[in-house]
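Report on one structure; see the data block that follows.
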Amino acid sequence: MAENSSSGGGPAEVAAVAADSLILRKSSGLIAIDGAMSAIQHRAFNVLLHVAASSYRNNSPTGQLFRVPMKYLREKSGYTGGGNKDRFLKEIIELADIVVSGNLLNKAPEKRGKKEGKNGNSWRKFALVSEFRLSDNRRELLWAFPPTIMDEIVRPAVFGKIDLTAMFGLKPAALVIYELARDYVNVQIPKLDMAMLRRLTGYVNKYEHDSDFIKEVIEPAAFEAGSRMGMLIATERLHGNMVRFLMTPKKGYLEMAEKVKELSYDDLIDMIPAEACNDVLKTTVWRHVTESGADYVFAQIEYIRNQTGIRCFAASLTSALKGDYAGFVKTKASKEKIAKEAARRERRQRRSASSAEAQAAKAELRAERAQKKAEIAQKAAEMAREKANSAAQKVQASPAIPVMPTEPTATHELNQVEEVDDDPFSLDRIDNLYSHPHSVEYSDNLDDVPF
């Protein structure tokens with residue numbers, strides 16, 4: 001698998017040319033092939049075709065090798081697998097195992113060679129890639145196409161212009177319908193029987209009932225592919241198990257319908273050619289106006305008026321009214337869904353903003369309360385300090401008060417007397433009595449003597 005980056009006498013190697021425009025002129029014969037590829041394989045195959053076409057415009061020998069950086073291939077293929085490079089490489093290399101039949105719708109002219117004779121047809125079964133190689137540093141992929149594909153790369157007789165970037169994100173069935181629509185953009189995609197439609201999209205053995213296959217696969221794929229082209233692609237079931245795709249450029253039906261909601265039934269009838277406006281059609285229009293609204297009917301009339309090759313206007317309008325060929329309901333639902341999602345996001349943003357404002361207001365209130373508490377605590381501390389200072393100043397300013405001896409009580413005096421000698425007539429007793437500081441003053445009056 002690995003290949004040295006130097007040519008070294010091997011087959012010629014052409015460096016990939018990164019074209020400014022990612023528009024691939026894909027041969028009609030390569031568009032109408034068996035739908036055996038996954039979405040990433042389909043997009044990568046287109047990138048390989050684009051690189052080869054950009055690199056080599058002349059007849060190519062069978063052994064020609066092309067080269068592309070793996071990073072470029074992943075980016076232009078719209079690969080979203082992140083860093084899982086081995087998974088991407090595995091899917092790409094499987095292209096060499098896929099064998100398909102080309103030109104299934106017989107749009108590409110037969111290419112007869114000398115050896116093939118009068119009825120020779122070059123569109124046979126062939127592998128999508130005849131050989132893969134990987135550079136030693138695993139940063140470049142080298143490959144070769146089979147001669148059938150090389151012929152259509154160099155000089156495609158008929159082709160569809162495929163925008164590689166418009167294919168990002170499309171599912172396999174949508175990729176097929178997108179390429180068919182680009183291939184038949186100036187006309188209508190031919191009617192397809194159910195077996196061919198399954199073969200083109202790769203749903204041969206899936207969805208047992210055709211109605212489920214159309215509803216679950218084809219209708220969503222057609223709408224998705226049309227949205228990438230700025231067109232409306234409607235699906236119509238026909239008799240004989242046939243399917244038809246009706247393509248029309250989007251004319252802004254919803255926008256116009258918003259302006260014509262006040263249109264009356266008579267106004268809508270005036271939009272229909274006089275030769276097609278029979279009583280049956282008038283009744284049909286009236287019924288759809290009452291059931292679906294004037295804007296719905298207006299969109300269908302505009303759709304038919306923009307079609308080319310209409311043989312019977314009345315029959316076509318009747319079918320359009322019944323099947324919503326303009327894609328009015330689906331497009332309107334899609335726009336309404338987008339509008340609802342936008343409104344939901346706006347409400348969430350408003351709630352988030354309101355919640356943030358409320359949280360900010362609460363935080364501000366808490367900060368104010370904390371500040372007030374701090375101010376109160378500070379004031380209380382200042383008052384306490386002032387009170388303490390004032391008390392200290394008062395203590396310092398006041399003079400010292402001497403401590404006076406405590407005067408004895410009468411009981412104390414009696415006790416003092418009782419403690420004297422028991423002899424009341426002793427001289428010591430008399431001296432102590434009259435010498436006591438609290439005794440009566442001395443008097444010559446003998447009446448004052450206590451005995």
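We label chains A, B, ... in the order they appear in the structure tokens, count residues from 1 in each chain, and number ligands from 1 in the order shown.
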> Which residues come within 10 Å of Asp324 in chain A, counting only C-alpha atoms, excluding same-chain residues fewer than 2 positions away, as a PyMOL selection string?
Replying inline: chain A and resi 234-236+296-297+299-300+303+317-322+326-330
> How would you write, as a PyMOL selection string, the set of residues in range 97-332 of chain A that DSSP gives as alpha helix (DSSP H)?
Replying inline: chain A and resi 147-154+172-183+194-201+210-213+219-229+253-259+265-270+279-292+294-305+313-323+328-332
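Using only C-alpha atoms, the nearest neighbour of Ser27 in chain A within the list A:Leu134, A:Asn84, A:Val47, A:Ile153 is A:Ile153.
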>> With only C-alpha atoms as the counted atoms, please give the residues lying no more than 12 Å from Tyr203 in chain A, apart from itself and same-chain residues fewer than 3 positions off, as a VMD selection string.
In response: chain A and resid 34 to 38 172 to 173 176 194 to 200 206 to 210 212 to 214 216 to 218
For those residues, write N, CA and C atoms to a file as a PDB file, in the first residue's frame.
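Dumped to selection30.pdb:
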```
ATOM      1  N   ASP A  34     -24.840   2.485 -10.291  1.00  0.00           N
ATOM      2  CA  ASP A  34     -25.420   1.786  -9.148  1.00  0.00           C
ATOM      3  C   ASP A  34     -25.094   2.541  -7.864  1.00  0.00           C
ATOM      4  N   GLY A  35     -26.082   2.700  -7.013  1.00  0.00           N
ATOM      5  CA  GLY A  35     -25.869   3.424  -5.764  1.00  0.00           C
ATOM      6  C   GLY A  35     -25.300   2.547  -4.687  1.00  0.00           C
ATOM      7  N   ALA A  36     -24.020   2.168  -4.838  1.00  0.00           N
ATOM      8  CA  ALA A  36     -23.400   1.250  -3.883  1.00  0.00           C
ATOM      9  C   ALA A  36     -22.483   1.963  -2.903  1.00  0.00           C
ATOM     10  N   MET A  37     -22.411   3.295  -2.967  1.00  0.00           N
ATOM     11  CA  MET A  37     -21.465   4.036  -2.120  1.00  0.00           C
ATOM     12  C   MET A  37     -22.158   4.635  -0.904  1.00  0.00           C
ATOM     13  N   SER A  38     -21.369   4.777   0.157  1.00  0.00           N
ATOM     14  CA  SER A  38     -21.849   5.540   1.304  1.00  0.00           C
ATOM     15  C   SER A  38     -21.737   7.022   0.974  1.00  0.00           C
ATOM     16  N   PRO A 172     -27.021   9.598   1.313  1.00  0.00           N
ATOM     17  CA  PRO A 172     -26.759   8.933   0.029  1.00  0.00           C
ATOM     18  C   PRO A 172     -27.848   9.136  -1.020  1.00  0.00           C
ATOM     19  N   ALA A 173     -29.117   8.958  -0.654  1.00  0.00           N
ATOM     20  CA  ALA A 173     -30.190   9.130  -1.635  1.00  0.00           C
ATOM     21  C   ALA A 173     -30.286  10.575  -2.101  1.00  0.00           C
ATOM     22  N   VAL A 176     -27.670  11.319  -4.738  1.00  0.00           N
ATOM     23  CA  VAL A 176     -28.038  10.799  -6.062  1.00  0.00           C
ATOM     24  C   VAL A 176     -29.031  11.733  -6.743  1.00  0.00           C
ATOM     25  N   MET A 194     -39.727   1.980 -10.500  1.00  0.00           N
ATOM     26  CA  MET A 194     -39.316   1.810  -9.109  1.00  0.00           C
ATOM     27  C   MET A 194     -38.020   1.006  -8.991  1.00  0.00           C
ATOM     28  N   ALA A 195     -37.846  -0.004  -9.851  1.00  0.00           N
ATOM     29  CA  ALA A 195     -36.640  -0.824  -9.791  1.00  0.00           C
ATOM     30  C   ALA A 195     -35.396   0.005 -10.101  1.00  0.00           C
ATOM     31  N   MET A 196     -35.493   0.887 -11.109  1.00  0.00           N
ATOM     32  CA  MET A 196     -34.344   1.722 -11.465  1.00  0.00           C
ATOM     33  C   MET A 196     -34.050   2.735 -10.365  1.00  0.00           C
ATOM     34  N   LEU A 197     -35.107   3.298  -9.775  1.00  0.00           N
ATOM     35  CA  LEU A 197     -34.911   4.274  -8.704  1.00  0.00           C
ATOM     36  C   LEU A 197     -34.236   3.615  -7.503  1.00  0.00           C
ATOM     37  N   ARG A 198     -34.624   2.411  -7.185  1.00  0.00           N
ATOM     38  CA  ARG A 198     -33.978   1.680  -6.090  1.00  0.00           C
ATOM     39  C   ARG A 198     -32.516   1.383  -6.431  1.00  0.00           C
ATOM     40  N   ARG A 199     -32.273   1.038  -7.676  1.00  0.00           N
ATOM     41  CA  ARG A 199     -30.907   0.704  -8.091  1.00  0.00           C
ATOM     42  C   ARG A 199     -29.992   1.929  -8.024  1.00  0.00           C
ATOM     43  N   LEU A 200     -30.492   3.067  -8.457  1.00  0.00           N
ATOM     44  CA  LEU A 200     -29.702   4.298  -8.443  1.00  0.00           C
ATOM     45  C   LEU A 200     -29.370   4.749  -7.021  1.00  0.00           C
ATOM     46  N   LYS A 206     -34.051  -2.965   0.432  1.00  0.00           N
ATOM     47  CA  LYS A 206     -34.556  -2.297   1.624  1.00  0.00           C
ATOM     48  C   LYS A 206     -35.946  -1.749   1.344  1.00  0.00           C
ATOM     49  N   TYR A 207     -36.763  -1.687   2.384  1.00  0.00           N
ATOM     50  CA  TYR A 207     -38.152  -1.205   2.290  1.00  0.00           C
ATOM     51  C   TYR A 207     -38.957  -2.095   1.321  1.00  0.00           C
ATOM     52  N   GLU A 208     -39.599  -3.053   1.902  1.00  0.00           N
ATOM     53  CA  GLU A 208     -40.352  -4.027   1.111  1.00  0.00           C
ATOM     54  C   GLU A 208     -41.457  -3.361   0.296  1.00  0.00           C
ATOM     55  N   HIS A 209     -42.156  -2.388   0.894  1.00  0.00           N
ATOM     56  CA  HIS A 209     -43.251  -1.719   0.193  1.00  0.00           C
ATOM     57  C   HIS A 209     -42.746  -0.439  -0.467  1.00  0.00           C
ATOM     58  N   ASP A 210     -43.108  -0.285  -1.736  1.00  0.00           N
ATOM     59  CA  ASP A 210     -42.667   0.888  -2.487  1.00  0.00           C
ATOM     60  C   ASP A 210     -43.173   2.187  -1.876  1.00  0.00           C
ATOM     61  N   ASP A 212     -43.596   2.888   1.259  1.00  0.00           N
ATOM     62  CA  ASP A 212     -42.716   3.241   2.374  1.00  0.00           C
ATOM     63  C   ASP A 212     -41.378   3.778   1.862  1.00  0.00           C
ATOM     64  N   PHE A 213     -40.870   3.177   0.796  1.00  0.00           N
ATOM     65  CA  PHE A 213     -39.612   3.623   0.204  1.00  0.00           C
ATOM     66  C   PHE A 213     -39.727   5.067  -0.304  1.00  0.00           C
ATOM     67  N   ILE A 214     -40.825   5.384  -0.949  1.00  0.00           N
ATOM     68  CA  ILE A 214     -41.023   6.744  -1.468  1.00  0.00           C
ATOM     69  C   ILE A 214     -41.182   7.730  -0.317  1.00  0.00           C
ATOM     70  N   GLU A 216     -40.370   7.405   2.992  1.00  0.00           N
ATOM     71  CA  GLU A 216     -39.294   7.485   3.976  1.00  0.00           C
ATOM     72  C   GLU A 216     -37.948   7.893   3.377  1.00  0.00           C
ATOM     73  N   VAL A 217     -37.743   7.626   2.090  1.00  0.00           N
ATOM     74  CA  VAL A 217     -36.430   7.869   1.484  1.00  0.00           C
ATOM     75  C   VAL A 217     -36.480   8.942   0.403  1.00  0.00           C
ATOM     76  N   ILE A 218     -37.305   8.716  -0.616  1.00  0.00           N
ATOM     77  CA  ILE A 218     -37.237   9.553  -1.815  1.00  0.00           C
ATOM     78  C   ILE A 218     -37.773  10.963  -1.569  1.00  0.00           C
TER      79      ILE A 218
END
```
> Could you name the residues that touch Ile269 in chain A at 10 Å or less, counting only C-alpha atoms, but leaving out those on the same chain fewer than 5 positions away, as number ranges by chain?
Replying inline: A: 264, 274, 277, 281-282, 285-286, 298, 301
